file my_file02.cif (mmCIF, C-alpha atoms and all ligand atoms; chains and numbers go by the auth columns)
data_run
loop_
_atom_site.group_PDB
_atom_site.id
_atom_site.type_symbol
_atom_site.label_atom_id
_atom_site.label_comp_id
_atom_site.label_asym_id
_atom_site.label_seq_id
_atom_site.Cartn_x
_atom_site.Cartn_y
_atom_site.Cartn_z
_atom_site.B_iso_or_equiv
_atom_site.auth_seq_id
_atom_site.auth_asym_id
ATOM 1 C CA MET A 1 -28.880 -10.611 13.520 0.00 1 A
ATOM 2 C CA ILE A 2 -27.025 -11.805 16.585 0.00 2 A
ATOM 3 C CA PHE A 3 -23.225 -11.608 16.613 0.00 3 A
ATOM 4 C CA PRO A 4 -21.317 -14.165 18.627 0.00 4 A
ATOM 5 C CA LEU A 5 -19.700 -12.523 21.617 0.00 5 A
ATOM 6 C CA HIS A 6 -16.116 -12.811 20.341 0.00 6 A
ATOM 7 C CA SER A 7 -16.870 -10.984 17.062 0.00 7 A
ATOM 8 C CA LEU A 8 -18.543 -8.192 18.982 0.00 8 A
ATOM 9 C CA PHE A 9 -15.369 -7.951 21.031 0.00 9 A
ATOM 10 C CA LEU A 10 -13.330 -7.685 17.812 0.00 10 A
ATOM 11 C CA LEU A 11 -15.565 -4.867 16.588 0.00 11 A
ATOM 12 C CA LEU A 12 -14.988 -2.959 19.794 0.00 12 A
ATOM 13 C CA THR A 13 -11.232 -3.378 20.053 0.00 13 A
ATOM 14 C CA THR A 14 -9.152 -0.599 18.575 0.00 14 A
ATOM 15 C CA MET A 15 -6.046 -1.049 16.497 0.00 15 A
ATOM 16 C CA ASN A 16 -2.825 -1.552 18.412 0.00 16 A
ATOM 17 C CA ASN A 17 0.623 -0.004 17.870 0.00 17 A
ATOM 18 C CA GLU A 18 1.808 -2.872 15.648 0.00 18 A
ATOM 19 C CA GLN A 19 -1.222 -2.524 13.386 0.00 19 A
ATOM 20 C CA PHE A 20 -0.710 1.207 12.943 0.00 20 A
ATOM 21 C CA MET A 21 3.000 0.602 12.271 0.00 21 A
ATOM 22 C CA THR A 22 2.028 -1.962 9.639 0.00 22 A
ATOM 23 C CA LEU A 23 0.115 0.806 7.878 0.00 23 A
ATOM 24 C CA ALA A 24 3.181 3.073 8.095 0.00 24 A
ATOM 25 C CA LEU A 25 5.261 0.254 6.569 0.00 25 A
ATOM 26 C CA LYS A 26 2.756 -0.009 3.723 0.00 26 A
ATOM 27 C CA GLU A 27 3.241 3.714 3.086 0.00 27 A
ATOM 28 C CA ALA A 28 7.024 3.267 3.152 0.00 28 A
ATOM 29 C CA SER A 29 6.739 0.640 0.422 0.00 29 A
ATOM 30 C CA THR A 30 5.238 3.278 -1.915 0.00 30 A
ATOM 31 C CA SER A 31 8.327 5.522 -1.661 0.00 31 A
ATOM 32 C CA GLN A 32 9.517 4.753 -5.222 0.00 32 A
ATOM 33 C CA ASN A 33 13.049 6.209 -5.567 0.00 33 A
ATOM 34 C CA ASP A 34 12.896 7.922 -2.180 0.00 34 A
ATOM 35 C CA LEU A 35 14.296 6.404 0.995 0.00 35 A
ATOM 36 C CA PRO A 36 11.449 4.113 2.147 0.00 36 A
ATOM 37 C CA ILE A 37 10.047 5.780 5.244 0.00 37 A
ATOM 38 C CA GLY A 38 6.332 5.870 6.011 0.00 38 A
ATOM 39 C CA ALA A 39 4.178 7.653 8.573 0.00 39 A
ATOM 40 C CA VAL A 40 0.562 7.655 9.693 0.00 40 A
ATOM 41 C CA LEU A 41 -1.174 10.181 11.902 0.00 41 A
ATOM 42 C CA VAL A 42 -3.889 8.924 14.216 0.00 42 A
ATOM 43 C CA CYS A 43 -6.612 10.948 15.938 0.00 43 A
ATOM 44 C CA ASP A 44 -8.788 9.126 18.482 0.00 44 A
ATOM 45 C CA ASP A 45 -7.564 5.793 17.121 0.00 45 A
ATOM 46 C CA ARG A 46 -8.473 6.658 13.529 0.00 46 A
ATOM 47 C CA VAL A 47 -5.942 7.271 10.751 0.00 47 A
ATOM 48 C CA ILE A 48 -6.352 10.844 9.488 0.00 48 A
ATOM 49 C CA ALA A 49 -3.244 11.055 7.271 0.00 49 A
ATOM 50 C CA ALA A 50 -0.701 8.680 5.745 0.00 50 A
ATOM 51 C CA ALA A 51 2.360 9.432 3.624 0.00 51 A
ATOM 52 C CA SER A 52 5.765 8.247 2.526 0.00 52 A
ATOM 53 C CA ASN A 53 8.987 10.202 2.316 0.00 53 A
ATOM 54 C CA GLN A 54 8.819 12.351 -0.854 0.00 54 A
ATOM 55 C CA LYS A 55 12.049 14.353 -0.906 0.00 55 A
ATOM 56 C CA GLU A 56 13.224 13.188 -4.341 0.00 56 A
ATOM 57 C CA ARG A 57 9.825 12.944 -5.995 0.00 57 A
ATOM 58 C CA THR A 58 8.865 16.484 -5.074 0.00 58 A
ATOM 59 C CA SER A 59 12.406 17.950 -5.240 0.00 59 A
ATOM 60 C CA ASN A 60 11.796 19.276 -1.737 0.00 60 A
ATOM 61 C CA PRO A 61 14.307 18.193 0.921 0.00 61 A
ATOM 62 C CA LEU A 62 11.806 19.097 3.649 0.00 62 A
ATOM 63 C CA ASN A 63 9.153 16.623 2.482 0.00 63 A
ATOM 64 C CA HIS A 64 9.774 13.955 5.100 0.00 64 A
ATOM 65 C CA ALA A 65 6.860 11.554 5.748 0.00 65 A
ATOM 66 C CA GLU A 66 6.250 12.985 9.244 0.00 66 A
ATOM 67 C CA LYS A 67 6.067 16.588 8.030 0.00 67 A
ATOM 68 C CA ILE A 68 3.621 15.634 5.277 0.00 68 A
ATOM 69 C CA VAL A 69 1.202 13.797 7.613 0.00 69 A
ATOM 70 C CA ILE A 70 1.326 16.647 10.148 0.00 70 A
ATOM 71 C CA GLU A 71 0.401 19.187 7.472 0.00 71 A
ATOM 72 C CA GLU A 72 -2.352 16.939 6.077 0.00 72 A
ATOM 73 C CA GLY A 73 -3.710 16.352 9.576 0.00 73 A
ATOM 74 C CA LEU A 74 -3.760 20.077 10.370 0.00 74 A
ATOM 75 C CA LYS A 75 -5.650 20.737 7.140 0.00 75 A
ATOM 76 C CA LYS A 76 -8.178 18.037 8.002 0.00 76 A
ATOM 77 C CA ILE A 77 -8.936 18.620 11.693 0.00 77 A
ATOM 78 C CA GLY A 78 -7.298 21.975 12.514 0.00 78 A
ATOM 79 C CA ASP A 79 -5.228 22.669 15.615 0.00 79 A
ATOM 80 C CA PHE A 80 -4.120 19.491 17.442 0.00 80 A
ATOM 81 C CA ARG A 81 -4.364 21.155 20.838 0.00 81 A
ATOM 82 C CA GLY A 82 -6.665 19.266 23.210 0.00 82 A
ATOM 83 C CA LYS A 83 -6.978 16.315 20.834 0.00 83 A
ATOM 84 C CA ASN A 84 -5.615 12.803 21.158 0.00 84 A
ATOM 85 C CA ILE A 85 -3.005 12.601 18.366 0.00 85 A
ATOM 86 C CA LYS A 86 -0.468 9.849 17.793 0.00 86 A
ATOM 87 C CA LEU A 87 2.174 9.640 15.089 0.00 87 A
ATOM 88 C CA TYR A 88 3.616 6.364 13.822 0.00 88 A
ATOM 89 C CA VAL A 89 6.751 6.418 11.684 0.00 89 A
ATOM 90 C CA THR A 90 8.975 3.588 10.477 0.00 90 A
ATOM 91 C CA LEU A 91 12.262 5.385 11.306 0.00 91 A
ATOM 92 C CA GLU A 92 13.166 7.524 14.327 0.00 92 A
ATOM 93 C CA PRO A 93 12.430 11.151 13.360 0.00 93 A
ATOM 94 C CA CYS A 94 15.226 13.560 12.404 0.00 94 A
ATOM 95 C CA PRO A 95 15.691 16.837 14.354 0.00 95 A
ATOM 96 C CA MET A 96 13.452 18.807 11.950 0.00 96 A
ATOM 97 C CA CYS A 97 10.570 16.337 12.241 0.00 97 A
ATOM 98 C CA ALA A 98 11.012 15.821 15.982 0.00 98 A
ATOM 99 C CA ALA A 99 10.713 19.590 16.486 0.00 99 A
ATOM 100 C CA ALA A 100 7.678 19.728 14.156 0.00 100 A
ATOM 101 C CA ILE A 101 6.036 16.858 16.090 0.00 101 A
ATOM 102 C CA ILE A 102 6.528 18.662 19.411 0.00 102 A
ATOM 103 C CA LEU A 103 5.498 22.081 18.057 0.00 103 A
ATOM 104 C CA SER A 104 2.289 20.693 16.552 0.00 104 A
ATOM 105 C CA ARG A 105 1.393 19.245 19.988 0.00 105 A
ATOM 106 C CA ILE A 106 1.191 15.600 19.049 0.00 106 A
ATOM 107 C CA ASN A 107 0.690 13.573 22.255 0.00 107 A
ATOM 108 C CA GLU A 108 2.508 10.357 21.429 0.00 108 A
ATOM 109 C CA VAL A 109 5.084 9.238 18.888 0.00 109 A
ATOM 110 C CA TYR A 110 5.910 5.638 17.997 0.00 110 A
ATOM 111 C CA PHE A 111 8.794 4.757 15.703 0.00 111 A
ATOM 112 C CA GLY A 112 10.146 1.498 14.314 0.00 112 A
ATOM 113 C CA ALA A 113 13.875 1.509 13.564 0.00 113 A
ATOM 114 C CA TYR A 114 16.352 3.554 15.592 0.00 114 A
ATOM 115 C CA ASP A 115 18.468 6.061 13.628 0.00 115 A
ATOM 116 C CA LEU A 116 21.889 6.214 15.253 0.00 116 A
ATOM 117 C CA LEU A 117 23.093 8.933 12.853 0.00 117 A
ATOM 118 C CA TYR A 118 20.221 11.439 12.914 0.00 118 A
ATOM 119 C CA GLY A 119 17.620 10.136 15.373 0.00 119 A
ATOM 120 C CA ALA A 120 16.264 12.981 17.458 0.00 120 A
ATOM 121 C CA PHE A 121 14.177 11.088 20.006 0.00 121 A
ATOM 122 C CA GLY A 122 17.053 9.591 21.931 0.00 122 A
ATOM 123 C CA SER A 123 19.557 7.995 19.518 0.00 123 A
ATOM 124 C CA LYS A 124 21.643 11.028 18.547 0.00 124 A
ATOM 125 C CA ILE A 125 19.946 13.801 20.463 0.00 125 A
ATOM 126 C CA ASN A 126 16.717 14.042 22.440 0.00 126 A
ATOM 127 C CA MET A 127 14.556 16.839 21.083 0.00 127 A
ATOM 128 C CA SER A 128 11.904 16.349 23.768 0.00 128 A
ATOM 129 C CA ARG A 129 14.510 17.221 26.401 0.00 129 A
ATOM 130 C CA ILE A 130 15.863 20.160 24.380 0.00 130 A
ATOM 131 C CA MET A 131 12.346 21.545 23.888 0.00 131 A
ATOM 132 C CA ASN A 132 11.199 20.650 27.399 0.00 132 A
ATOM 133 C CA SER A 133 8.296 18.554 26.081 0.00 133 A
ATOM 134 C CA LYS A 134 6.317 15.840 27.855 0.00 134 A
ATOM 135 C CA ILE A 135 5.561 13.940 24.647 0.00 135 A
ATOM 136 C CA LYS A 136 5.337 10.160 25.058 0.00 136 A
ATOM 137 C CA ILE A 137 7.957 8.396 22.918 0.00 137 A
ATOM 138 C CA GLN A 138 8.311 4.711 22.150 0.00 138 A
ATOM 139 C CA GLY A 139 10.798 3.211 19.699 0.00 139 A
ATOM 140 C CA GLY A 140 11.312 -0.297 18.397 0.00 140 A
ATOM 141 C CA ILE A 141 7.751 -1.026 17.194 0.00 141 A
ATOM 142 C CA LEU A 142 8.163 -3.714 14.469 0.00 142 A
ATOM 143 C CA GLU A 143 11.834 -2.732 14.491 0.00 143 A
ATOM 144 C CA ASN A 144 13.019 -5.641 12.318 0.00 144 A
ATOM 145 C CA GLU A 145 10.512 -4.991 9.536 0.00 145 A
ATOM 146 C CA CYS A 146 11.184 -1.250 9.638 0.00 146 A
ATOM 147 C CA SER A 147 14.979 -1.777 9.424 0.00 147 A
ATOM 148 C CA LYS A 148 14.724 -4.403 6.723 0.00 148 A
ATOM 149 C CA ILE A 149 12.883 -2.169 4.264 0.00 149 A
ATOM 150 C CA LEU A 150 15.759 0.345 4.578 0.00 150 A
ATOM 151 C CA THR A 151 18.619 -2.160 4.298 0.00 151 A
ATOM 152 C CA ASN A 152 16.931 -3.728 1.255 0.00 152 A
ATOM 153 C CA TYR A 153 16.709 -0.288 -0.339 0.00 153 A
ATOM 154 C CA PHE A 154 20.438 0.393 0.200 0.00 154 A
ATOM 155 C CA LYS A 155 21.349 -3.072 -1.019 0.00 155 A
ATOM 156 C CA GLN A 156 19.393 -2.495 -4.207 0.00 156 A
ATOM 157 C CA LEU A 157 21.052 0.915 -4.702 0.00 157 A
ATOM 158 C CA ARG A 158 24.497 -0.645 -4.380 0.00 158 A
ATOM 159 C CA GLU A 159 23.621 -3.360 -6.851 0.00 159 A
ATOM 160 C CA GLU A 160 22.341 -0.794 -9.331 0.00 160 A
ATOM 161 C CA GLU A 161 25.545 1.193 -8.968 0.00 161 A
ATOM 162 C CA TYR A 162 28.162 -1.561 -8.824 0.00 162 A
ATOM 163 C CA GLY A 163 26.310 -4.588 -10.149 0.00 163 A
ATOM 164 C CA LYS A 164 25.594 -7.735 -8.184 0.00 164 A
ATOM 165 C CA PRO A 165 28.590 -8.948 -6.182 0.00 165 A
ATOM 166 C CA GLU A 166 30.492 -11.648 -8.066 0.00 166 A
ATOM 167 C CA ARG A 167 30.817 -15.052 -6.501 0.00 167 A
ATOM 168 C CA THR A 168 34.354 -15.671 -5.399 0.00 168 A
ATOM 169 C CA SER A 169 34.206 -19.453 -5.388 0.00 169 A
HETATM 170 ZN ZN ZN B . 12.565 14.199 9.229 0.00 201 A
#

call {"tool": "encode", "arguments": {"input": "my_file02.cif", "output": "structure tokens"}}
result
Amino acid sequence: MIFPLHSLFLLLTTMNNEQFMTLALKEASTSQNDLPIGAVLVCDDRVIAAASNQKERTSNPLNHAEKIVIEEGLKKIGDFRGKNIKLYVTLEPCPMCAAAIILSRINEVYFGAYDLLYGAFGSKINMSRIMNSKIKIQGGILENECSKILTNYFKQLREEEYGKPERTS
């Protein structure tokens, strides 16, 4: 069977940053009662682990999405050293996760929304500078979508707690 040239080209192209972030967003949407944050870990352009934030569900405050995909990835392929590893996460990592990302020798990290309160890749502090790391960092990938899933979550929480706002007119 002969493929037209353009479909062959599609077969050969790898997924781009937005497509990987879309997968991380899908993970975030499975967070249930946890803050909706999702992460995927990519090795040689293939997803090797995907997870959502699971702090509440597992009663473990350390179970951030990033930490879970790092541990899954290590179990699957062993030491990351010398491999081409990228992490995609919907929210800028906190100091714990940023340190874990650097320590596990991930090459590149891409995040969606900036976290002005706790973000540790530039917003609040810069862990790569503190730890003298050369990790490649890029924020703002599908930023609107990644922010929206969080603001919707908080809006829903408020409505559950205080009821829907009454119309004043
Ligand atoms: Zn974290």

call {"tool": "closest_residue", "arguments": {"input": "my_file02.cif", "among": "A:Leu150, A:Lys164, A:Arg81, A:Ile101", "to": "Ser31 in chain A", "atoms": "only C-alpha atoms"}}
result
A:Leu150

call {"tool": "resolve_selection", "arguments": {"input": "my_file02.cif", "expression": "the PyMOL selection byres (((chain A and resi 63-70) around 9) and not hetatm)", "output": "count of residues only"}}
result
36

call {"tool": "atom_distance", "arguments": {"input": "my_file02.cif", "atom1": "CA of Phe80 in chain A", "atom2": "CA of Lys134 in chain A"}}
result
15.2 Å

call {"tool": "closest_residue", "arguments": {"input": "my_file02.cif", "among": "A:Asp79, A:Glu27, A:Asp115, A:Glu108", "to": "ligand ZN 201 (chain A)", "atoms": "all atoms listed in the file"}}
result
A:Asp115

call {"tool": "atom_distance", "arguments": {"input": "my_file02.cif", "atom1": "CA of Tyr110 in chain A", "atom2": "CA of Lys86 in chain A"}}
result
7.6 Å

call {"tool": "closest_residue", "arguments": {"input": "my_file02.cif", "among": "A:Leu25, A:Gly119, A:Asp45, A:Met127", "to": "ligand ZN 201 (chain A)", "atoms": "all atoms listed in the file"}}
result
A:Gly119

call {"tool": "atom_distance", "arguments": {"input": "my_file02.cif", "atom1": "CA of Leu116 in chain A", "atom2": "CA of Gln32 in chain A"}}
result
24.0 Å

call {"tool": "residues_around", "arguments": {"input": "my_file02.cif", "residues": "Tyr118 in chain A", "least_positions_apart": "5", "cutoff": "8 Å", "atoms": "only C-alpha atoms", "output": "list of chain:residue names"}}
result
A:Pro93, A:Cys94, A:Pro95, A:Ser123, A:Lys124, A:Ile125

call {"tool": "closest_residue", "arguments": {"input": "my_file02.cif", "among": "A:Gly122, A:Ser128, A:Val42, A:Ser133", "to": "Ile77 in chain A", "atoms": "all atoms listed in the file"}}
result
A:Val42

call {"tool": "closest_residue", "arguments": {"input": "my_file02.cif", "among": "A:Asn144, A:Asn107, A:Thr151, A:Thr90", "to": "ligand ZN 201 (chain A)", "atoms": "only C-alpha atoms and all ligand atoms"}}
result
A:Thr90

call {"tool": "residues_around", "arguments": {"input": "my_file02.cif", "residues": "Gly139 in chain A", "least_positions_apart": "5", "cutoff": "7 Å", "atoms": "only C-alpha atoms", "output": "count of residues only"}}
result
4

call {"tool": "closest_residue", "arguments": {"input": "my_file02.cif", "among": "A:Tyr162, A:Phe121, A:Phe154, A:Phe20", "to": "ligand ZN 201 (chain A)", "atoms": "all atoms listed in the file"}}
result
A:Phe121

call {"tool": "axis_aligned_box", "arguments": {"input": "my_file02.cif", "around": "range 20-30 of chain A", "padding_each_side": "3 Å", "output": "JSON"}}
result
{"center_x": 3.2, "center_y": 0.9, "center_z": 5.5, "size_x": 13.7, "size_y": 11.7, "size_z": 20.9}

call {"tool": "resolve_selection", "arguments": {"input": "my_file02.cif", "expression": "the PyMOL selection byres (((chain A and resi 113) around 6) and not hetatm)", "output": "PyMOL selection string"}}
result
chain A and resi 91+112+114+140+143+146-147

call {"tool": "residues_around", "arguments": {"input": "my_file02.cif", "residues": "Met15 in chain A", "least_positions_apart": "5", "cutoff": "12 Å", "atoms": "only C-alpha atoms", "output": "PDB file with C-alpha atoms, keeping the file's coordinate frame"}}
result
ATOM      1  CA  LEU A  10     -13.330  -7.685  17.812  1.00  0.00           C
ATOM      2  CA  PHE A  20      -0.710   1.207  12.943  1.00  0.00           C
ATOM      3  CA  MET A  21       3.000   0.602  12.271  1.00  0.00           C
ATOM      4  CA  THR A  22       2.028  -1.962   9.639  1.00  0.00           C
ATOM      5  CA  LEU A  23       0.115   0.806   7.878  1.00  0.00           C
ATOM      6  CA  VAL A  42      -3.889   8.924  14.216  1.00  0.00           C
ATOM      7  CA  ASP A  44      -8.788   9.126  18.482  1.00  0.00           C
ATOM      8  CA  ASP A  45      -7.564   5.793  17.121  1.00  0.00           C
ATOM      9  CA  ARG A  46      -8.473   6.658  13.529  1.00  0.00           C
ATOM     10  CA  VAL A  47      -5.942   7.271  10.751  1.00  0.00           C
TER      11      VAL A  47
END
